[in-house]
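Please read the structure below before turning to the comments.
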Amino acid sequence: MLKWKSLMAVLAIAALFIAGCSKNGGGASSPSGGSDPSAGSSGQKVTLKVWGDLANQAVLEEPFKKINEAFMAKHPNIKIDYDFAQNDDSLNVALQANSLPDAFFVQGNKSTKMKEMAKAGQIIPLDEYFTDADKSRFPEEAINYTLVDGKMYCSIPSFFDYAMVYYNKDIFAKYGLNVPKTLDEFVKTADTLLSHGVTPIAVGGNGDFDRYWPIQELAPGFINEDMIALYEGKPINEARMTELFDTYRAFAEKGYYGKDFIAMDGKAAQLAFTSGKTAMIFDGTWSNSIYAGTSLNIGRFAMPGKDGVRYAQEGMNNFTTYAVAATSKHPKEAAEYVKFLSSLEAAQILEDANGHVPIVKDIKPKDEIVSEFSAFDKIGKNIYHAFSAAATEKSKPQDLLLTDILPKLMTKKITGAEATQLLQQELAKK
């Protein structure tokens, strides 16, 4: 009897959990893919559950409302039940429970996640839904972003993104500072701000990717050729890698991020900058609407290297890159939605809302801010992507970088040389 009661209690808790995840316009979907079970085949009214990127809801909510309305106007037989329900935790739970929504946000080849899902048969290839004409608008690197073993698994990105420096023009003017043209000038700028009691840079030290942005911006100026070597399976130069890590550590050690940055996450760092408490912030072009929407006099520049080259880092914007779950009852309709996210109409809605750097010529740039985004000299490699390319089943250097090396450098627990050795050991795993 006790065992029966215990079983019933477990089932009741599970039912409550499923019900809770289904609130607020979607949440977790049913094990069969989440679509309306009464919907029939193509041509009949169907409902697609779609998960959006929770971390970027603030900048995506309004444009995706318009994108979804535009899609449903073109496809009156399809209703989009869209919910900003996706983060790493909810995605992992859905994968384990076989309860993915019909379509959901993915990061393409920026990480190994899409490849892992494709290999496991959890998402479907989309080649049959994208014609050569559909693909012809896009450069090769945008198409490559969608591929796993030569097959497409997500929509094609329309924008290019990179991490840059946002700065408060009024604070710079107050202390007679100009946009730095070299890394040495950047360091002198930070030192000058510190000498006047101003925190130079807002950085969140309490999250893997929050603390990651400085290393992404610095890396091309130190190890671009080594990151290319990683893609080719060649060894890295330890001296250059150590210099990069020592510089990353020095920024924290010298107080450029203030006293309490370890307790701050990315949102808190953004608030510190937009409230005028810091002079700069490392953030991506994708966050521009957060800063453009304030009353501050904001400027933007690409991080210069030691040689004065202003580097962007390669990276497709993943705001409109979605995959279709293999469990979807309506894969054709879900693929049609994913395809629409690659259209000029959807891209222009996003551009008009936020302003991004287009990689296709038919998108009209939002305003002059996009010119600041485009003021870089060279596109360098992305350090996270480079280490992901070098990963194997036994070696995950990109994860080691994020979760172990960077926090230890920020808190002065390891030196740059020790960080390099940790990475070399990880890369050597077979």
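Please note that chains go A, B, ... in the order of the structure tokens, that every chain numbers its residues from 1, and that ligands are numbered from 1 in the order shown.
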Quick one: residues within 10 Å of A:Phe130, only C-alpha atoms counted, chain neighbours fewer than 5 positions away excluded, as a list in words? Lys135, Met152, Ser155, Ile156, Ala335, Glu336, Lys339 and Ser342 of chain A
How would the residues just chosen look if you wrote them out with all heavy atoms as a PDB file, in the first residue's frame?
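Printed below is out_3.pdb as written:
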ATOM      1  N   LYS A 135      19.169  29.565 -51.465  1.00  0.00           N
ATOM      2  CA  LYS A 135      20.530  29.628 -50.947  1.00  0.00           C
ATOM      3  C   LYS A 135      21.384  30.675 -51.659  1.00  0.00           C
ATOM      4  O   LYS A 135      22.388  31.142 -51.095  1.00  0.00           O
ATOM      5  CB  LYS A 135      21.207  28.267 -51.088  1.00  0.00           C
ATOM      6  CG  LYS A 135      20.530  27.138 -50.327  1.00  0.00           C
ATOM      7  CD  LYS A 135      21.221  25.817 -50.625  1.00  0.00           C
ATOM      8  CE  LYS A 135      20.490  24.642 -49.995  1.00  0.00           C
ATOM      9  NZ  LYS A 135      21.133  23.354 -50.330  1.00  0.00           N
ATOM     10  N   MET A 152      21.898  20.339 -44.405  1.00  0.00           N
ATOM     11  CA  MET A 152      21.399  21.508 -43.683  1.00  0.00           C
ATOM     12  C   MET A 152      20.515  21.075 -42.513  1.00  0.00           C
ATOM     13  O   MET A 152      19.626  20.236 -42.674  1.00  0.00           O
ATOM     14  CB  MET A 152      20.564  22.400 -44.605  1.00  0.00           C
ATOM     15  CG  MET A 152      21.358  23.173 -45.624  1.00  0.00           C
ATOM     16  SD  MET A 152      20.260  24.260 -46.604  1.00  0.00           S
ATOM     17  CE  MET A 152      19.673  25.362 -45.305  1.00  0.00           C
ATOM     18  N   SER A 155      17.938  27.068 -40.278  1.00  0.00           N
ATOM     19  CA  SER A 155      17.762  28.164 -41.207  1.00  0.00           C
ATOM     20  C   SER A 155      19.085  28.894 -41.423  1.00  0.00           C
ATOM     21  O   SER A 155      20.004  28.804 -40.609  1.00  0.00           O
ATOM     22  CB  SER A 155      16.681  29.112 -40.696  1.00  0.00           C
ATOM     23  OG  SER A 155      16.722  29.256 -39.294  1.00  0.00           O
ATOM     24  N   ILE A 156      19.169  29.629 -42.527  1.00  0.00           N
ATOM     25  CA  ILE A 156      20.413  30.299 -42.913  1.00  0.00           C
ATOM     26  C   ILE A 156      20.468  31.680 -42.265  1.00  0.00           C
ATOM     27  O   ILE A 156      19.510  32.444 -42.367  1.00  0.00           O
ATOM     28  CB  ILE A 156      20.501  30.442 -44.441  1.00  0.00           C
ATOM     29  CG1 ILE A 156      20.234  29.094 -45.116  1.00  0.00           C
ATOM     30  CG2 ILE A 156      21.878  30.970 -44.848  1.00  0.00           C
ATOM     31  CD1 ILE A 156      20.071  29.195 -46.623  1.00  0.00           C
ATOM     32  N   ALA A 335       9.249  23.138 -41.085  1.00  0.00           N
ATOM     33  CA  ALA A 335      10.337  23.500 -41.997  1.00  0.00           C
ATOM     34  C   ALA A 335       9.995  24.771 -42.769  1.00  0.00           C
ATOM     35  O   ALA A 335      10.872  25.586 -43.062  1.00  0.00           O
ATOM     36  CB  ALA A 335      10.612  22.348 -42.959  1.00  0.00           C
ATOM     37  N   GLU A 336       8.711  24.949 -43.095  1.00  0.00           N
ATOM     38  CA  GLU A 336       8.291  26.164 -43.787  1.00  0.00           C
ATOM     39  C   GLU A 336       8.532  27.395 -42.906  1.00  0.00           C
ATOM     40  O   GLU A 336       8.947  28.450 -43.392  1.00  0.00           O
ATOM     41  CB  GLU A 336       6.813  26.064 -44.156  1.00  0.00           C
ATOM     42  CG  GLU A 336       6.351  27.078 -45.185  1.00  0.00           C
ATOM     43  CD  GLU A 336       6.979  26.872 -46.549  1.00  0.00           C
ATOM     44  OE1 GLU A 336       7.228  25.708 -46.931  1.00  0.00           O
ATOM     45  OE2 GLU A 336       7.251  27.887 -47.216  1.00  0.00           O
ATOM     46  N   LYS A 339      12.294  28.010 -42.743  1.00  0.00           N
ATOM     47  CA  LYS A 339      12.706  28.611 -44.016  1.00  0.00           C
ATOM     48  C   LYS A 339      12.351  30.094 -44.062  1.00  0.00           C
ATOM     49  O   LYS A 339      13.144  30.924 -44.540  1.00  0.00           O
ATOM     50  CB  LYS A 339      12.048  27.868 -45.171  1.00  0.00           C
ATOM     51  CG  LYS A 339      12.393  28.417 -46.545  1.00  0.00           C
ATOM     52  CD  LYS A 339      11.699  27.613 -47.635  1.00  0.00           C
ATOM     53  CE  LYS A 339      11.953  28.218 -49.009  1.00  0.00           C
ATOM     54  NZ  LYS A 339      11.284  27.431 -50.085  1.00  0.00           N
ATOM     55  N   SER A 342      14.746  32.678 -42.809  1.00  0.00           N
ATOM     56  CA  SER A 342      15.871  33.045 -43.664  1.00  0.00           C
ATOM     57  C   SER A 342      15.474  34.020 -44.765  1.00  0.00           C
ATOM     58  O   SER A 342      16.313  34.402 -45.582  1.00  0.00           O
ATOM     59  CB  SER A 342      16.478  31.788 -44.307  1.00  0.00           C
ATOM     60  OG  SER A 342      17.073  30.951 -43.340  1.00  0.00           O
TER      61      SER A 342
END
When DSSP is applied to the backbone of this structure, which of stretch 240-303 of chain A are assigned strand (DSSP E)? Write them out as number ranges by chain. A: 278-284, 298-301
Residues within 12 Å of stretch 388-395 of chain A, please, as an MDAnalysis selection string. Count only C-alpha atoms; anything in the same chain fewer than 3 positions from it doesn't count. chainID A and resid 109:113 115:116 226:236 381:385 398:402 422:430
To one decimal place in Å, what is the distance between atom CA of A:Asp208 and atom CA of A:Phe245?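 Computing the Euclidean distance for atom CA of A:Asp208 and atom CA of A:Phe245 yields 16.0 Å.
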Neighbours of A:Leu350 within 12 Å (only C-alpha atoms; same-chain residues fewer than 6 positions away dropped), as a CSV table (one decimal) with N, CA and C atoms, in the first residue's frame?
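After the write, out-v1.csv holds the following:
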chain,number,residue,atom,x,y,z
A,59,VAL,N,15.6,41.8,-26.6
A,59,VAL,CA,15.8,42.4,-27.9
A,59,VAL,C,15.0,41.7,-29.0
A,60,LEU,N,14.5,40.5,-28.7
A,60,LEU,CA,13.8,39.7,-29.7
A,60,LEU,C,12.3,39.7,-29.7
A,61,GLU,N,11.8,40.0,-28.5
A,61,GLU,CA,10.3,39.9,-28.3
A,61,GLU,C,9.5,40.6,-29.4
A,62,GLU,N,9.8,41.9,-29.6
A,62,GLU,CA,9.0,42.7,-30.5
A,62,GLU,C,9.2,42.3,-31.9
A,63,PRO,N,10.4,42.1,-32.4
A,63,PRO,CA,10.6,41.7,-33.8
A,63,PRO,C,10.0,40.3,-34.1
A,64,PHE,N,10.1,39.4,-33.1
A,64,PHE,CA,9.6,38.0,-33.4
A,64,PHE,C,8.1,38.0,-33.4
A,65,LYS,N,7.5,38.9,-32.6
A,65,LYS,CA,6.0,39.1,-32.7
A,65,LYS,C,5.6,39.4,-34.1
A,66,LYS,N,6.3,40.4,-34.7
A,66,LYS,CA,6.0,40.8,-36.1
A,66,LYS,C,6.4,39.7,-37.1
A,67,ILE,N,7.5,39.0,-36.9
A,67,ILE,CA,7.9,37.9,-37.8
A,67,ILE,C,6.8,36.8,-37.8
A,68,ASN,N,6.4,36.4,-36.6
A,68,ASN,CA,5.4,35.4,-36.5
A,68,ASN,C,4.0,35.8,-37.1
A,157,PRO,N,21.6,32.0,-41.6
A,157,PRO,CA,21.6,33.3,-41.0
A,157,PRO,C,21.8,34.5,-42.0
A,158,SER,N,21.2,35.6,-41.6
A,158,SER,CA,21.2,36.8,-42.5
A,158,SER,C,22.1,37.9,-42.1
A,159,PHE,N,22.7,37.7,-40.8
A,159,PHE,CA,23.5,38.8,-40.3
A,159,PHE,C,24.8,38.2,-39.7
A,286,TRP,N,24.8,42.3,-31.3
A,286,TRP,CA,23.4,41.8,-31.1
A,286,TRP,C,22.7,42.5,-29.9
A,289,SER,N,20.5,47.3,-29.4
A,289,SER,CA,19.2,47.9,-29.0
A,289,SER,C,19.1,48.3,-27.6
A,317,ASN,N,25.2,35.6,-37.0
A,317,ASN,CA,24.1,35.9,-36.0
A,317,ASN,C,23.1,34.8,-35.9
A,318,ASN,N,22.8,34.3,-34.7
A,318,ASN,CA,21.9,33.2,-34.6
A,318,ASN,C,20.5,33.5,-34.2
A,319,PHE,N,20.1,34.8,-34.2
A,319,PHE,CA,18.8,35.2,-33.8
A,319,PHE,C,17.7,34.5,-34.6
A,320,THR,N,17.9,34.2,-35.9
A,320,THR,CA,16.9,33.6,-36.7
A,320,THR,C,17.2,32.2,-37.2
A,341,LEU,N,12.3,32.2,-41.7
A,341,LEU,CA,13.3,32.9,-40.9
A,341,LEU,C,14.5,33.3,-41.7
A,342,SER,N,14.7,32.7,-42.8
A,342,SER,CA,15.9,33.0,-43.7
A,342,SER,C,15.5,34.0,-44.8
A,343,SER,N,14.2,34.4,-44.8
A,343,SER,CA,13.7,35.3,-45.9
A,343,SER,C,14.1,36.7,-45.7
A,344,LEU,N,14.1,37.5,-46.8
A,344,LEU,CA,14.3,38.9,-46.7
A,344,LEU,C,13.3,39.6,-45.8
A,356,HIS,N,21.5,45.3,-37.2
A,356,HIS,CA,22.6,44.3,-37.2
A,356,HIS,C,23.5,44.5,-38.5
A,357,VAL,N,24.6,43.8,-38.6
A,357,VAL,CA,25.4,43.9,-39.8
A,357,VAL,C,25.0,42.8,-40.8
A,358,PRO,N,24.3,43.2,-41.9
A,358,PRO,CA,23.8,42.3,-42.9
A,358,PRO,C,25.0,41.6,-43.6
A,363,ILE,N,19.3,43.4,-47.8
A,363,ILE,CA,18.8,44.0,-46.5
A,363,ILE,C,19.2,45.4,-46.4
A,364,LYS,N,18.3,46.3,-46.1
A,364,LYS,CA,18.5,47.7,-45.9
A,364,LYS,C,19.0,48.0,-44.5
A,365,PRO,N,20.2,48.5,-44.3
A,365,PRO,CA,20.7,48.8,-42.9
A,365,PRO,C,19.8,49.8,-42.2
A,366,LYS,N,19.7,49.6,-40.9
A,366,LYS,CA,18.7,50.4,-40.1
A,366,LYS,C,19.2,51.9,-40.1
Each residue of stretch 131-239 of chain A lying at most 10 Å from stretch 305-311 of chain A should get a row with its shortest atom-to-atom pair and the distance in Å to one decimal, counting only C-alpha atoms; could you produce that, ordered by chain and increasing number, as a tab-separated table?
residue	atom	partner	partner_atom	distance
A:Tyr162	CA	A:Tyr311	CA	9.3
A:Ala163	CA	A:Tyr311	CA	9.6
A:Met164	CA	A:Tyr311	CA	8.8
A:Pro180	CA	A:Gly308	CA	9.0
A:Lys181	CA	A:Gly308	CA	5.6
A:Thr182	CA	A:Gly308	CA	4.4
A:Leu183	CA	A:Lys306	CA	4.9
A:Asp184	CA	A:Lys306	CA	6.7
A:Glu185	CA	A:Lys306	CA	9.1
A:Phe186	CA	A:Gly305	CA	9.4
A:Glu217	CA	A:Tyr311	CA	7.7
A:Leu218	CA	A:Gly305	CA	7.3
A:Ala219	CA	A:Gly305	CA	8.9
A:Pro220	CA	A:Tyr311	CA	6.6
A:Gly221	CA	A:Gly305	CA	4.3
A:Phe222	CA	A:Gly305	CA	7.3
A:Asn224	CA	A:Tyr311	CA	10.0
With distances taken over only C-alpha atoms, which residue among A:Tyr291, A:Tyr145, A:Trp213, A:Phe138 lies nearest A:Met303? A:Trp213
Which polymer residues have any atom within 7 Å of an atom of A:Leu54, counting only C-alpha atoms, with same-chain residues fewer than 6 positions away left out, as a CSV table (one decimal) with all heavy atoms, in the first residue's frame?
chain,number,residue,atom,x,y,z
A,84,PHE,N,9.4,32.2,-25.4
A,84,PHE,CA,10.8,32.3,-25.0
A,84,PHE,C,11.1,31.4,-23.8
A,84,PHE,O,11.2,31.8,-22.7
A,84,PHE,CB,11.1,33.8,-24.7
A,84,PHE,CG,11.2,34.7,-25.9
A,84,PHE,CD1,10.1,35.5,-26.2
A,84,PHE,CD2,12.3,34.7,-26.6
A,84,PHE,CE1,10.2,36.3,-27.3
A,84,PHE,CE2,12.4,35.5,-27.8
A,84,PHE,CZ,11.3,36.3,-28.1
A,85,ALA,N,11.2,30.1,-24.1
A,85,ALA,CA,11.3,29.1,-23.1
A,85,ALA,C,12.6,28.4,-23.1
A,85,ALA,O,12.9,27.5,-22.3
A,85,ALA,CB,10.2,28.1,-23.3
A,86,GLN,N,13.5,28.8,-24.1
A,86,GLN,CA,14.7,28.0,-24.3
A,86,GLN,C,16.0,28.6,-23.7
A,86,GLN,O,16.3,29.7,-23.9
A,86,GLN,CB,14.9,27.7,-25.7
A,86,GLN,CG,16.1,26.8,-26.0
A,86,GLN,CD,16.2,26.5,-27.5
A,86,GLN,OE1,15.3,26.5,-28.2
A,86,GLN,NE2,17.5,26.2,-27.9
A,87,ASN,N,16.6,27.8,-22.8
A,87,ASN,CA,18.0,28.0,-22.4
A,87,ASN,C,18.7,26.7,-22.4
A,87,ASN,O,18.1,25.7,-22.8
A,87,ASN,CB,18.0,28.8,-21.0
A,87,ASN,CG,17.3,28.0,-19.9
A,87,ASN,OD1,17.1,26.8,-20.0
A,87,ASN,ND2,16.9,28.7,-18.9
